[in-house]
$ cat protein07.txt   # compact mmCIF, C-alpha atoms
# COMPACT_ATOMS: atom_id res chain seq x y z
CA MET A 1 -64.04 -71.77 -78.12
CA ASP A 2 -66.30 -69.77 -75.82
CA GLU A 3 -64.20 -68.18 -73.08
CA ASP A 4 -66.62 -69.57 -70.50
CA THR A 5 -66.06 -73.10 -71.76
CA PRO A 6 -63.01 -74.59 -70.08
CA ARG A 7 -60.63 -76.61 -72.20
CA LEU A 8 -61.07 -80.24 -71.20
CA LEU A 9 -58.17 -82.22 -69.83
CA ALA A 10 -58.97 -85.02 -72.26
CA ASP A 11 -58.63 -82.56 -75.17
CA THR A 12 -54.94 -82.21 -74.36
CA ASN A 13 -54.42 -85.88 -75.24
CA PRO A 14 -57.48 -87.22 -77.08
CA LEU A 15 -58.60 -90.79 -76.47
CA PRO A 16 -58.19 -93.27 -79.36
CA GLU A 17 -61.07 -92.87 -81.83
CA THR A 18 -61.56 -96.62 -81.78
CA ILE A 19 -63.20 -96.37 -78.35
CA ASP A 20 -67.01 -96.49 -78.43
CA ALA A 21 -68.55 -92.99 -78.45
CA ARG A 22 -70.63 -93.39 -75.28
CA LEU A 23 -67.74 -94.87 -73.32
CA ALA A 24 -65.44 -92.14 -74.64
CA GLN A 25 -67.82 -89.50 -73.25
CA GLN A 26 -67.80 -91.23 -69.89
CA LEU A 27 -64.01 -91.55 -69.83
CA THR A 28 -63.69 -87.88 -70.82
CA PHE A 29 -65.81 -86.96 -67.77
CA LEU A 30 -63.81 -89.29 -65.54
CA ILE A 31 -60.55 -87.70 -66.70
CA GLU A 32 -61.96 -84.17 -66.26
CA ILE A 33 -62.95 -84.78 -62.64
CA ASP A 34 -59.30 -85.49 -61.84
CA ARG A 35 -59.30 -81.70 -61.33
CA LEU A 36 -61.18 -82.14 -58.03
CA LYS A 37 -57.87 -83.33 -56.57
CA THR A 38 -56.50 -79.81 -57.12
CA VAL A 39 -59.33 -77.84 -55.47
CA LEU A 40 -58.02 -76.90 -52.03
CA ARG A 41 -60.25 -76.47 -49.02
CA GLN A 42 -59.53 -74.42 -45.91
CA SER A 43 -59.37 -77.48 -43.64
CA PRO A 44 -55.94 -78.71 -42.50
CA LEU A 45 -55.29 -82.45 -42.66
CA ALA A 46 -54.88 -84.32 -39.39
CA ALA A 47 -52.15 -86.54 -40.87
CA ALA A 48 -49.95 -83.98 -42.63
CA ASP A 49 -49.13 -80.29 -42.62
CA ARG A 50 -51.13 -79.17 -45.62
CA ARG A 51 -54.69 -78.29 -46.60
CA GLU A 52 -57.18 -80.90 -47.71
CA ASN A 53 -58.42 -81.14 -51.28
CA ASP A 54 -61.98 -81.79 -52.38
CA ALA A 55 -61.36 -85.33 -53.65
CA GLU A 56 -59.83 -86.46 -50.36
CA HIS A 57 -62.63 -84.73 -48.47
CA SER A 58 -65.29 -86.47 -50.56
CA TRP A 59 -63.66 -89.87 -49.97
CA HIS A 60 -63.56 -89.18 -46.23
CA LEU A 61 -67.27 -88.34 -46.23
CA GLY A 62 -68.04 -91.62 -47.99
CA LEU A 63 -66.44 -93.54 -45.13
CA MET A 64 -68.18 -91.35 -42.55
CA VAL A 65 -71.54 -92.24 -44.10
CA ALA A 66 -70.68 -95.96 -44.06
CA ILE A 67 -69.66 -95.84 -40.39
CA LEU A 68 -72.01 -93.25 -38.88
CA ALA A 69 -75.28 -94.00 -40.69
CA GLU A 70 -76.62 -95.67 -37.54
CA TYR A 71 -76.94 -92.20 -35.99
CA ALA A 72 -79.27 -90.84 -38.69
CA ASP A 73 -82.61 -89.89 -37.14
CA GLU A 74 -84.43 -91.03 -40.28
CA ASN A 75 -83.64 -94.26 -42.11
CA VAL A 76 -81.14 -93.60 -44.92
CA ASP A 77 -80.04 -95.67 -47.90
CA ILE A 78 -76.28 -95.88 -47.33
CA GLY A 79 -75.30 -96.48 -50.96
CA HIS A 80 -77.38 -93.56 -52.17
CA THR A 81 -76.02 -91.26 -49.45
CA ILE A 82 -72.47 -92.21 -50.39
CA GLU A 83 -73.18 -91.33 -54.02
CA LEU A 84 -74.38 -87.90 -52.85
CA VAL A 85 -71.21 -87.16 -50.90
CA LEU A 86 -68.91 -88.42 -53.67
CA ILE A 87 -70.44 -85.99 -56.19
CA HIS A 88 -71.44 -83.07 -53.92
CA ASP A 89 -68.31 -80.98 -54.51
CA LEU A 90 -67.77 -81.73 -58.22
CA VAL A 91 -69.14 -78.33 -59.22
CA GLU A 92 -66.18 -76.74 -57.41
CA ILE A 93 -63.96 -77.94 -60.26
CA TYR A 94 -65.22 -74.93 -62.20
CA ALA A 95 -66.80 -72.83 -59.42
CA GLY A 96 -64.05 -73.12 -56.78
CA ASP A 97 -64.37 -73.76 -53.06
CA THR A 98 -66.44 -71.29 -51.03
CA PRO A 99 -65.08 -71.09 -47.46
CA LEU A 100 -67.74 -71.64 -44.80
CA TYR A 101 -66.72 -68.55 -42.85
CA ASP A 102 -66.60 -66.18 -45.83
CA ALA A 103 -69.97 -64.41 -45.93
CA GLY A 104 -69.26 -62.31 -49.01
CA LYS A 105 -68.12 -65.02 -51.38
CA GLY A 106 -71.30 -67.03 -50.81
CA LEU A 107 -73.52 -64.46 -52.49
CA ASP A 108 -73.25 -65.64 -56.09
CA GLN A 109 -72.21 -69.14 -55.12
CA ARG A 110 -75.50 -70.74 -56.22
CA GLU A 111 -75.33 -69.23 -59.69
CA ARG A 112 -71.68 -70.11 -60.24
CA GLU A 113 -72.20 -73.66 -59.03
CA ALA A 114 -75.34 -74.23 -61.09
CA ALA A 115 -73.49 -73.09 -64.22
CA ALA A 116 -70.59 -75.37 -63.33
CA ALA A 117 -72.97 -78.31 -62.88
CA GLY A 118 -74.39 -77.72 -66.36
CA THR A 119 -70.95 -77.69 -67.95
CA LEU A 120 -69.49 -80.62 -66.02
CA PHE A 121 -72.40 -83.06 -65.97
CA GLY A 122 -73.09 -82.08 -69.59
CA LEU A 123 -69.95 -84.02 -70.55
CA LEU A 124 -71.78 -87.26 -69.74
CA PRO A 125 -74.25 -89.05 -72.02
CA ALA A 126 -77.67 -87.37 -71.61
CA ASP A 127 -79.19 -90.06 -69.37
CA GLN A 128 -76.29 -89.92 -66.95
CA ALA A 129 -76.02 -86.13 -67.14
CA ALA A 130 -79.63 -85.94 -65.93
CA ARG A 131 -79.08 -88.54 -63.22
CA PHE A 132 -75.98 -86.88 -61.76
CA ARG A 133 -77.47 -83.40 -61.99
CA ALA A 134 -80.47 -84.76 -60.07
CA LEU A 135 -78.15 -86.17 -57.39
CA TRP A 136 -76.44 -82.81 -57.00
CA ASP A 137 -79.78 -80.97 -56.88
CA GLU A 138 -80.96 -83.46 -54.24
CA PHE A 139 -77.89 -82.80 -52.10
CA GLU A 140 -78.33 -79.05 -52.37
CA ALA A 141 -82.08 -79.08 -51.62
CA ARG A 142 -81.78 -81.22 -48.45
CA GLN A 143 -85.36 -82.44 -48.85
CA THR A 144 -84.55 -86.16 -48.49
CA PRO A 145 -83.16 -87.99 -45.43
CA GLU A 146 -80.12 -89.00 -47.49
CA ALA A 147 -79.39 -85.41 -48.51
CA ARG A 148 -79.77 -84.16 -44.95
CA PHE A 149 -77.41 -86.84 -43.65
CA ALA A 150 -74.91 -86.16 -46.44
CA LYS A 151 -74.92 -82.49 -45.46
CA ALA A 152 -74.48 -83.41 -41.80
CA VAL A 153 -71.29 -85.39 -42.41
CA ASP A 154 -70.08 -82.65 -44.78
CA ARG A 155 -70.26 -80.27 -41.79
CA LEU A 156 -69.03 -82.77 -39.19
CA GLN A 157 -65.86 -83.81 -40.99
CA PRO A 158 -64.15 -80.38 -40.82
CA LEU A 159 -65.08 -80.22 -37.13
CA LEU A 160 -62.93 -83.32 -36.61
CA LEU A 161 -60.07 -81.83 -38.62
CA ASN A 162 -60.28 -78.51 -36.77
CA TRP A 163 -60.33 -80.37 -33.48
CA MET A 164 -57.19 -82.25 -34.46
CA ALA A 165 -55.56 -78.95 -35.55
CA ARG A 166 -56.46 -77.36 -32.20
CA GLY A 167 -58.48 -74.71 -33.94
CA GLY A 168 -57.80 -74.76 -37.68
CA THR A 169 -60.33 -72.57 -39.46
CA TRP A 170 -62.04 -71.83 -36.13
CA ARG A 171 -59.22 -69.31 -35.76
CA THR A 172 -60.31 -67.39 -38.86
CA PRO A 173 -60.17 -63.68 -37.88
CA GLY A 174 -63.53 -62.37 -36.72
CA VAL A 175 -65.14 -65.80 -36.34
CA THR A 176 -66.64 -66.63 -32.93
CA ALA A 177 -67.71 -69.90 -31.32
CA ASP A 178 -71.33 -68.89 -31.91
CA ASP A 179 -70.58 -68.43 -35.61
CA ILE A 180 -69.28 -71.97 -35.64
CA ARG A 181 -72.41 -73.24 -33.84
CA ALA A 182 -74.65 -71.43 -36.32
CA ARG A 183 -72.81 -72.90 -39.32
CA LYS A 184 -72.81 -76.41 -37.88
CA ALA A 185 -76.36 -76.59 -36.49
CA VAL A 186 -77.50 -78.18 -39.76
CA ILE A 187 -75.94 -81.41 -38.46
CA GLY A 188 -78.86 -81.55 -36.04
CA ASP A 189 -81.36 -81.68 -38.92
CA ALA A 190 -80.14 -85.20 -39.65
CA SER A 191 -78.77 -86.56 -36.38
CA ALA A 192 -79.28 -85.42 -32.79
CA ALA A 193 -76.47 -87.72 -31.64
CA LEU A 194 -73.88 -86.40 -34.10
CA TRP A 195 -74.86 -82.80 -33.40
CA ALA A 196 -74.49 -83.45 -29.66
CA ALA A 197 -70.96 -84.74 -30.30
CA GLY A 198 -70.24 -81.80 -32.60
CA GLN A 199 -71.32 -79.39 -29.89
CA GLU A 200 -68.98 -81.13 -27.42
CA LEU A 201 -66.09 -80.44 -29.79
CA ILE A 202 -67.10 -76.81 -30.31
CA ASP A 203 -67.73 -76.19 -26.61
CA GLU A 204 -64.46 -77.76 -25.52
CA GLY A 205 -62.58 -75.93 -28.27
CA GLU A 206 -64.00 -72.65 -27.04
CA ARG A 207 -63.04 -73.49 -23.43
CA ARG A 208 -59.49 -74.18 -24.58
CA GLY A 209 -59.25 -70.92 -26.48
CA TRP A 210 -59.15 -72.54 -29.94
CA SER A 211 -62.03 -70.34 -31.05
CA ARG A 212 -63.01 -66.80 -30.09
CA PRO A 213 -65.81 -66.62 -27.50
CA GLY A 214 -68.75 -64.36 -28.09
CA SER A 215 -71.94 -63.97 -30.05
CA ALA A 216 -72.34 -64.49 -33.77
CA SER A 217 -70.55 -61.94 -35.95
CA ILE A 218 -71.22 -63.32 -39.45
CA THR A 219 -74.66 -62.66 -40.87
CA MET B 1 -46.57 -99.47 -26.34
CA ASP B 2 -45.68 -102.37 -28.64
CA GLU B 3 -43.37 -101.11 -31.37
CA ASP B 4 -45.65 -102.73 -33.97
CA THR B 5 -48.63 -100.73 -32.68
CA PRO B 6 -48.67 -97.32 -34.34
CA ARG B 7 -49.52 -94.34 -32.17
CA LEU B 8 -52.98 -93.20 -33.17
CA LEU B 9 -53.53 -89.72 -34.55
CA ALA B 10 -56.43 -89.26 -32.12
CA ASP B 11 -54.06 -90.01 -29.22
CA THR B 12 -52.17 -86.82 -30.00
CA ASN B 13 -55.27 -84.78 -29.13
CA PRO B 14 -57.81 -86.98 -27.32
CA LEU B 15 -61.52 -86.46 -27.95
CA PRO B 16 -63.58 -85.03 -25.06
CA GLU B 17 -64.46 -87.81 -22.62
CA THR B 18 -68.07 -86.67 -22.67
CA ILE B 19 -68.53 -88.25 -26.11
CA ASP B 20 -70.27 -91.64 -26.04
CA ALA B 21 -67.77 -94.52 -26.01
CA ARG B 22 -68.99 -96.24 -29.20
CA LEU B 23 -69.09 -92.98 -31.15
CA ALA B 24 -65.64 -92.07 -29.80
CA GLN B 25 -64.27 -95.35 -31.21
CA GLN B 26 -65.81 -94.57 -34.58
CA LEU B 27 -64.47 -91.01 -34.62
CA THR B 28 -61.02 -92.30 -33.60
CA PHE B 29 -61.09 -94.60 -36.66
CA LEU B 30 -62.34 -91.78 -38.90
CA ILE B 31 -59.50 -89.53 -37.70
CA GLU B 32 -56.93 -92.30 -38.13
CA ILE B 33 -57.87 -92.92 -41.77
CA ASP B 34 -56.93 -89.32 -42.56
CA ARG B 35 -53.52 -90.94 -43.05
CA LEU B 36 -54.70 -92.45 -46.36
CA LYS B 37 -54.35 -88.94 -47.82
CA THR B 38 -50.60 -89.19 -47.24
CA VAL B 39 -50.01 -92.60 -48.91
CA LEU B 40 -48.59 -91.80 -52.32
CA ARG B 41 -49.14 -93.99 -55.36
CA GLN B 42 -46.96 -94.21 -58.45
CA SER B 43 -49.63 -92.75 -60.74
CA PRO B 44 -49.28 -89.13 -61.87
CA LEU B 45 -52.39 -86.93 -61.71
CA ALA B 46 -53.88 -85.75 -64.98
CA ALA B 47 -54.74 -82.33 -63.49
CA ALA B 48 -51.49 -81.44 -61.71
CA ASP B 49 -47.79 -82.27 -61.72
CA ARG B 50 -47.67 -84.59 -58.72
CA ARG B 51 -48.39 -88.17 -57.76
CA GLU B 52 -51.81 -89.32 -56.66
CA ASN B 53 -52.57 -90.35 -53.10
CA ASP B 54 -54.70 -93.29 -52.02
CA ALA B 55 -57.64 -91.22 -50.75
CA GLU B 56 -57.99 -89.35 -54.04
CA HIS B 57 -57.61 -92.62 -55.94
CA SER B 58 -60.34 -94.28 -53.87
CA TRP B 59 -62.70 -91.36 -54.46
CA HIS B 60 -62.02 -91.55 -58.19
CA LEU B 61 -62.85 -95.26 -58.21
CA GLY B 62 -66.16 -94.55 -56.48
CA LEU B 63 -67.18 -92.28 -59.34
CA MET B 64 -65.93 -94.79 -61.91
CA VAL B 65 -68.18 -97.44 -60.38
CA ALA B 66 -71.18 -95.09 -60.43
CA ILE B 67 -70.61 -94.19 -64.09
CA LEU B 68 -69.27 -97.41 -65.61
CA ALA B 69 -71.35 -100.07 -63.81
CA GLU B 70 -73.42 -100.56 -66.99
CA TYR B 71 -70.40 -102.32 -68.51
CA ALA B 72 -70.19 -105.02 -65.83
CA ASP B 73 -70.74 -108.43 -67.41
CA GLU B 74 -72.57 -109.59 -64.28
CA ASN B 75 -75.16 -107.51 -62.45
CA VAL B 76 -73.52 -105.55 -59.63
CA ASP B 77 -74.94 -103.67 -56.64
CA ILE B 78 -73.52 -100.19 -57.20
CA GLY B 79 -73.67 -99.06 -53.56
CA HIS B 80 -71.91 -102.19 -52.35
CA THR B 81 -69.25 -101.93 -55.06
CA ILE B 82 -68.59 -98.31 -54.10
CA GLU B 83 -68.10 -99.35 -50.47
CA LEU B 84 -65.53 -101.90 -51.64
CA VAL B 85 -63.49 -99.34 -53.57
CA LEU B 86 -63.65 -96.73 -50.79
CA ILE B 87 -62.12 -99.16 -48.27
CA HIS B 88 -59.90 -101.30 -50.53
CA ASP B 89 -56.68 -99.37 -49.92
CA LEU B 90 -57.14 -98.57 -46.21
CA VAL B 91 -54.65 -101.26 -45.20
CA GLU B 92 -51.94 -99.27 -47.00
CA ILE B 93 -52.11 -96.76 -44.13
CA TYR B 94 -49.92 -99.18 -42.19
CA ALA B 95 -48.68 -101.51 -44.97
CA GLY B 96 -47.77 -98.89 -47.61
CA ASP B 97 -48.45 -98.90 -51.34
CA THR B 98 -47.09 -101.81 -53.37
CA PRO B 99 -46.32 -100.67 -56.93
CA LEU B 100 -47.94 -102.83 -59.60
CA TYR B 101 -44.71 -103.23 -61.54
CA ASP B 102 -42.52 -104.17 -58.57
CA ALA B 103 -42.39 -107.97 -58.48
CA GLY B 104 -40.18 -108.23 -55.39
CA LYS B 105 -42.13 -106.04 -53.03
CA GLY B 106 -45.31 -108.05 -53.60
CA LEU B 107 -43.95 -111.17 -51.92
CA ASP B 108 -44.91 -110.41 -48.31
CA GLN B 109 -47.64 -107.97 -49.29
CA ARG B 110 -50.48 -110.25 -48.20
CA GLU B 111 -49.06 -110.76 -44.74
CA ARG B 112 -48.31 -107.09 -44.17
CA GLU B 113 -51.73 -106.03 -45.39
CA ALA B 114 -53.61 -108.64 -43.34
CA ALA B 115 -51.81 -107.46 -40.20
CA ALA B 116 -52.63 -103.86 -41.07
CA ALA B 117 -56.29 -104.76 -41.55
CA GLY B 118 -56.38 -106.31 -38.09
CA THR B 119 -54.90 -103.19 -36.49
CA LEU B 120 -56.90 -100.63 -38.40
CA PHE B 121 -60.36 -102.22 -38.48
CA GLY B 122 -59.79 -103.26 -34.87
CA LEU B 123 -60.21 -99.60 -33.90
CA LEU B 124 -63.91 -99.87 -34.74
CA PRO B 125 -66.59 -101.36 -32.47
CA ALA B 126 -66.54 -105.15 -32.90
CA ASP B 127 -69.61 -105.37 -35.15
CA GLN B 128 -68.23 -102.80 -37.55
CA ALA B 129 -64.69 -104.18 -37.34
CA ALA B 130 -66.06 -107.51 -38.57
CA ARG B 131 -68.16 -105.90 -41.30
CA PHE B 132 -65.32 -103.81 -42.73
CA ARG B 133 -62.82 -106.63 -42.50
CA ALA B 134 -65.31 -108.77 -44.44
CA LEU B 135 -65.59 -106.05 -47.11
CA TRP B 136 -61.81 -105.94 -47.49
CA ASP B 137 -61.58 -109.75 -47.62
CA GLU B 138 -64.33 -109.74 -50.26
CA PHE B 139 -62.40 -107.25 -52.39
CA GLU B 140 -59.21 -109.25 -52.12
CA ALA B 141 -60.83 -112.63 -52.90
CA ARG B 142 -62.62 -111.44 -56.07
CA GLN B 143 -65.25 -114.15 -55.69
CA THR B 144 -68.26 -111.82 -56.05
CA PRO B 145 -69.31 -109.78 -59.11
CA GLU B 146 -68.94 -106.60 -57.03
CA ALA B 147 -65.38 -107.47 -55.99
CA ARG B 148 -64.40 -108.34 -59.55
CA PHE B 149 -65.81 -105.06 -60.85
CA ALA B 150 -64.15 -103.09 -58.04
CA LYS B 151 -60.82 -104.68 -59.01
CA ALA B 152 -61.45 -103.86 -62.67
CA VAL B 153 -61.88 -100.13 -62.04
CA ASP B 154 -58.89 -100.22 -59.67
CA ARG B 155 -56.82 -101.40 -62.64
CA LEU B 156 -58.52 -99.21 -65.26
CA GLN B 157 -58.13 -95.89 -63.43
CA PRO B 158 -54.30 -95.82 -63.57
CA LEU B 159 -54.54 -96.72 -67.27
CA LEU B 160 -56.42 -93.44 -67.80
CA LEU B 161 -53.84 -91.49 -65.77
CA ASN B 162 -50.94 -93.12 -67.60
CA TRP B 163 -52.61 -92.37 -70.92
CA MET B 164 -52.97 -88.70 -69.92
CA ALA B 165 -49.31 -88.65 -68.81
CA ARG B 166 -48.23 -90.14 -72.16
CA GLY B 167 -46.72 -93.09 -70.40
CA GLY B 168 -46.47 -92.47 -66.67
CA THR B 169 -45.60 -95.70 -64.90
CA TRP B 170 -45.64 -97.55 -68.25
CA ARG B 171 -42.14 -96.07 -68.60
CA THR B 172 -40.89 -97.89 -65.49
CA PRO B 173 -37.47 -99.35 -66.45
CA GLY B 174 -37.73 -102.94 -67.62
CA VAL B 175 -41.51 -102.93 -68.04
CA THR B 176 -42.88 -103.92 -71.46
CA ALA B 177 -46.28 -103.47 -73.08
CA ASP B 178 -46.91 -107.18 -72.51
CA ASP B 179 -46.20 -106.72 -68.80
CA ILE B 180 -48.86 -104.02 -68.76
CA ARG B 181 -51.32 -106.30 -70.59
CA ALA B 182 -50.65 -109.11 -68.13
CA ARG B 183 -51.21 -106.83 -65.11
CA LYS B 184 -54.38 -105.33 -66.56
CA ALA B 185 -56.05 -108.47 -67.98
CA VAL B 186 -58.00 -108.84 -64.72
CA ILE B 187 -60.24 -106.03 -66.01
CA GLY B 188 -61.60 -108.61 -68.46
CA ASP B 189 -62.80 -110.81 -65.60
CA ALA B 190 -65.47 -108.20 -64.86
CA SER B 191 -66.09 -106.38 -68.13
CA ALA B 192 -65.28 -107.32 -71.72
CA ALA B 193 -66.13 -103.77 -72.85
CA LEU B 194 -63.85 -102.02 -70.38
CA TRP B 195 -61.01 -104.44 -71.07
CA ALA B 196 -61.42 -103.80 -74.82
CA ALA B 197 -61.08 -100.07 -74.15
CA GLY B 198 -58.14 -100.68 -71.85
CA GLN B 199 -56.40 -102.67 -74.56
CA GLU B 200 -56.96 -99.81 -77.02
CA LEU B 201 -55.12 -97.50 -74.64
CA ILE B 202 -52.27 -99.97 -74.10
CA ASP B 203 -51.95 -100.79 -77.81
CA GLU B 204 -51.98 -97.16 -78.89
CA GLY B 205 -49.54 -96.26 -76.10
CA GLU B 206 -47.17 -98.94 -77.34
CA ARG B 207 -47.48 -97.70 -80.95
CA ARG B 208 -46.60 -94.18 -79.78
CA GLY B 209 -43.56 -95.37 -77.87
CA TRP B 210 -45.02 -94.61 -74.41
CA SER B 211 -44.26 -98.15 -73.33
CA ARG B 212 -41.48 -100.55 -74.27
CA PRO B 213 -42.48 -103.14 -76.88
CA GLY B 214 -41.68 -106.78 -76.28
CA SER B 215 -42.71 -109.83 -74.36
CA ALA B 216 -43.37 -110.01 -70.64
CA SER B 217 -40.31 -109.48 -68.45
CA ILE B 218 -41.86 -109.53 -64.96
CA THR B 219 -42.72 -112.90 -63.52

$ encode --input "protein07.txt" --output "structure tokens"
Amino acid sequence: MDEDTPRLLADTNPLPETIDARLAQQLTFLIEIDRLKTVLRQSPLAAADRRENDAEHSWHLGLMVAILAEYADENVDIGHTIELVLIHDLVEIYAGDTPLYDAGKGLDQREREAAAAGTLFGLLPADQAARFRALWDEFEARQTPEARFAKAVDRLQPLLLNWMARGGTWRTPGVTADDIRARKAVIGDASAALWAAGQELIDEGERRGWSRPGSASIT
Amino acid sequence: MDEDTPRLLADTNPLPETIDARLAQQLTFLIEIDRLKTVLRQSPLAAADRRENDAEHSWHLGLMVAILAEYADENVDIGHTIELVLIHDLVEIYAGDTPLYDAGKGLDQREREAAAAGTLFGLLPADQAARFRALWDEFEARQTPEARFAKAVDRLQPLLLNWMARGGTWRTPGVTADDIRARKAVIGDASAALWAAGQELIDEGERRGWSRPGSASIT
């Protein structure tokens, strides 16, 4: 086996051969993505003293889309937007999480994630591999209202968790409140109302000393 | 505070009062549901040596709907079905998880979960409280094709995890392969193809000794 090709979870306990080939491919993919539950993010949970994982985060975004879609500045298809947020982090199964406030690690992120998308979505039957790759490309390109809104909730959700943690990753050494504003401004590309609320959280956090005041330090 | 009224997570660190009242209600709900990440299920993960939580499970079901909807015997709206699975376990935040193979604990489950739904969805603005309560009622009643399919993937997903665990909760003391078949037959109400695959997993699991052979023991 190629060293770049990860061993599949389903290979450790193969499905019965009596299962239809197409369905077996789909179940193999669905078993493999169980790994998303083990990819840890930087964000602390509000409800427990541990970091969040990508699967939980993706679920949370789905509910945020369902509840906050009324604040999108352009009309969005809710079901389609939810599909985008449910799949947007799947590539991290093989590419890992890239922290928002880590400038260096982001450099080859695109290449690693694109390779991961090829491997992971390639487990699906060809028609679905193409469809899910297209969804991920849509999310990344942010050229549709749905992709912009999906990105906005992806950036808003950790703001809520950091607020609840009285700082959380805002306290990352070297990060300033202006760094946070710069990283979060993309919320405003989809929703002026949600970005206004996000700025309230950032401003108040800075006033309370939960982030470091000062101009942007991350380029 | 009434002892039956849980203290809200958001009450431990109130949102800035400058945030619009309707949006503040919605964000309070979105913070509160972080608790779903702490509700543990019986199912073991395939990717790590720990039990699954409800938020991860709900995310996994969303992807199963997106990928397996072609096997629904009746036409289903994928976006609507995904909304059903993302919210279906929210009531367990206050009512707890009820194991599938625990006959006793299921007795007052409906009452506890209905009360939890009132408390939790009641955090939302009235229009959304009604909409999300209706989604949960729809899931529970299984009178629509979307609700039946949502229930089917809710029962199929732990079958995959138990298969990967070479038994998992199938090894619960006193449970037989026929008990598993009886609990899972509801998959066939939505999809003959998925139920056929589910039966393959149960049958092969029984042949390998991962479940106890014999007739149904749970009534």

$ atom_distance --input "protein07.txt" --atom1 "atom CA of A:Val65" --atom2 "atom CA of A:Ala46"
19.0 Å

$ residues_around --input "protein07.txt" --residues "B:His88" --least-positions-apart "4" --cutoff "12 Å" --atoms "only C-alpha atoms" --output "short mmCIF file (atom, residue, chain, number, x, y, z; two decimals) with C-alpha atoms, in the coordinates of the input"
data_model
loop_
_atom_site.label_atom_id
_atom_site.label_comp_id
_atom_site.auth_asym_id
_atom_site.auth_seq_id
_atom_site.Cartn_x
_atom_site.Cartn_y
_atom_site.Cartn_z
CA LEU A 63 -66.44 -93.54 -45.13
CA LEU B 36 -54.70 -92.45 -46.36
CA ASP B 54 -54.70 -93.29 -52.02
CA ALA B 55 -57.64 -91.22 -50.75
CA HIS B 57 -57.61 -92.62 -55.94
CA SER B 58 -60.34 -94.28 -53.87
CA TRP B 59 -62.70 -91.36 -54.46
CA LEU B 61 -62.85 -95.26 -58.21
CA GLY B 62 -66.16 -94.55 -56.48
CA THR B 81 -69.25 -101.93 -55.06
CA ILE B 82 -68.59 -98.31 -54.10
CA GLU B 83 -68.10 -99.35 -50.47
CA LEU B 84 -65.53 -101.90 -51.64
CA GLU B 92 -51.94 -99.27 -47.00
CA ILE B 93 -52.11 -96.76 -44.13
CA ASP B 97 -48.45 -98.90 -51.34
CA GLU B 113 -51.73 -106.03 -45.39
CA ALA B 117 -56.29 -104.76 -41.55
CA PHE B 132 -65.32 -103.81 -42.73
CA ARG B 133 -62.82 -106.63 -42.50
CA ALA B 134 -65.31 -108.77 -44.44
CA LEU B 135 -65.59 -106.05 -47.11
CA TRP B 136 -61.81 -105.94 -47.49
CA ASP B 137 -61.58 -109.75 -47.62
CA GLU B 138 -64.33 -109.74 -50.26
CA PHE B 139 -62.40 -107.25 -52.39
CA GLU B 140 -59.21 -109.25 -52.12
CA ALA B 141 -60.83 -112.63 -52.90
CA ARG B 142 -62.62 -111.44 -56.07
CA ALA B 147 -65.38 -107.47 -55.99
CA ALA B 150 -64.15 -103.09 -58.04
CA LYS B 151 -60.82 -104.68 -59.01
CA VAL B 153 -61.88 -100.13 -62.04
CA ASP B 154 -58.89 -100.22 -59.67
#

$ residues_around --input "protein07.txt" --residues "A:Phe149" --least-positions-apart "4" --cutoff "10 Å" --atoms "all atoms listed in the file" --output "mmCIF file with C-alpha atoms, keeping the file's coordinate frame"
data_model
loop_
_atom_site.group_PDB
_atom_site.id
_atom_site.type_symbol
_atom_site.label_atom_id
_atom_site.label_comp_id
_atom_site.auth_asym_id
_atom_site.auth_seq_id
_atom_site.Cartn_x
_atom_site.Cartn_y
_atom_site.Cartn_z
ATOM 1 C CA VAL A 65 -71.540 -92.240 -44.100
ATOM 2 C CA LEU A 68 -72.010 -93.250 -38.880
ATOM 3 C CA ALA A 69 -75.280 -94.000 -40.690
ATOM 4 C CA TYR A 71 -76.940 -92.200 -35.990
ATOM 5 C CA ALA A 72 -79.270 -90.840 -38.690
ATOM 6 C CA ASP A 73 -82.610 -89.890 -37.140
ATOM 7 C CA GLU A 74 -84.430 -91.030 -40.280
ATOM 8 C CA ASN A 75 -83.640 -94.260 -42.110
ATOM 9 C CA VAL A 76 -81.140 -93.600 -44.920
ATOM 10 C CA ILE A 78 -76.280 -95.880 -47.330
ATOM 11 C CA THR A 81 -76.020 -91.260 -49.450
ATOM 12 C CA ILE A 82 -72.470 -92.210 -50.390
ATOM 13 C CA LEU A 84 -74.380 -87.900 -52.850
ATOM 14 C CA VAL A 85 -71.210 -87.160 -50.900
ATOM 15 C CA PHE A 139 -77.890 -82.800 -52.100
ATOM 16 C CA ARG A 142 -81.780 -81.220 -48.450
ATOM 17 C CA THR A 144 -84.550 -86.160 -48.490
ATOM 18 C CA PRO A 145 -83.160 -87.990 -45.430
ATOM 19 C CA VAL A 153 -71.290 -85.390 -42.410
ATOM 20 C CA ASP A 154 -70.080 -82.650 -44.780
ATOM 21 C CA ARG A 155 -70.260 -80.270 -41.790
ATOM 22 C CA VAL A 186 -77.500 -78.180 -39.760
ATOM 23 C CA ILE A 187 -75.940 -81.410 -38.460
ATOM 24 C CA GLY A 188 -78.860 -81.550 -36.040
ATOM 25 C CA ASP A 189 -81.360 -81.680 -38.920
ATOM 26 C CA ALA A 190 -80.140 -85.200 -39.650
ATOM 27 C CA SER A 191 -78.770 -86.560 -36.380
#

$ atom_distance --input "protein07.txt" --atom1 "atom CA of B:Ala116" --atom2 "atom CA of B:Ile31"
16.2 Å

$ closest_residue --input "protein07.txt" --among "A:Asp179, A:His60, A:Thr12, A:Gln109" --to "B:Leu90" --atoms "all atoms listed in the file"
A:His60

$ closest_residue --input "protein07.txt" --among "A:Gly168, A:Gly122, A:Pro173, A:Gly205" --to "chain B" --atoms "all atoms listed in the file"
A:Gly205
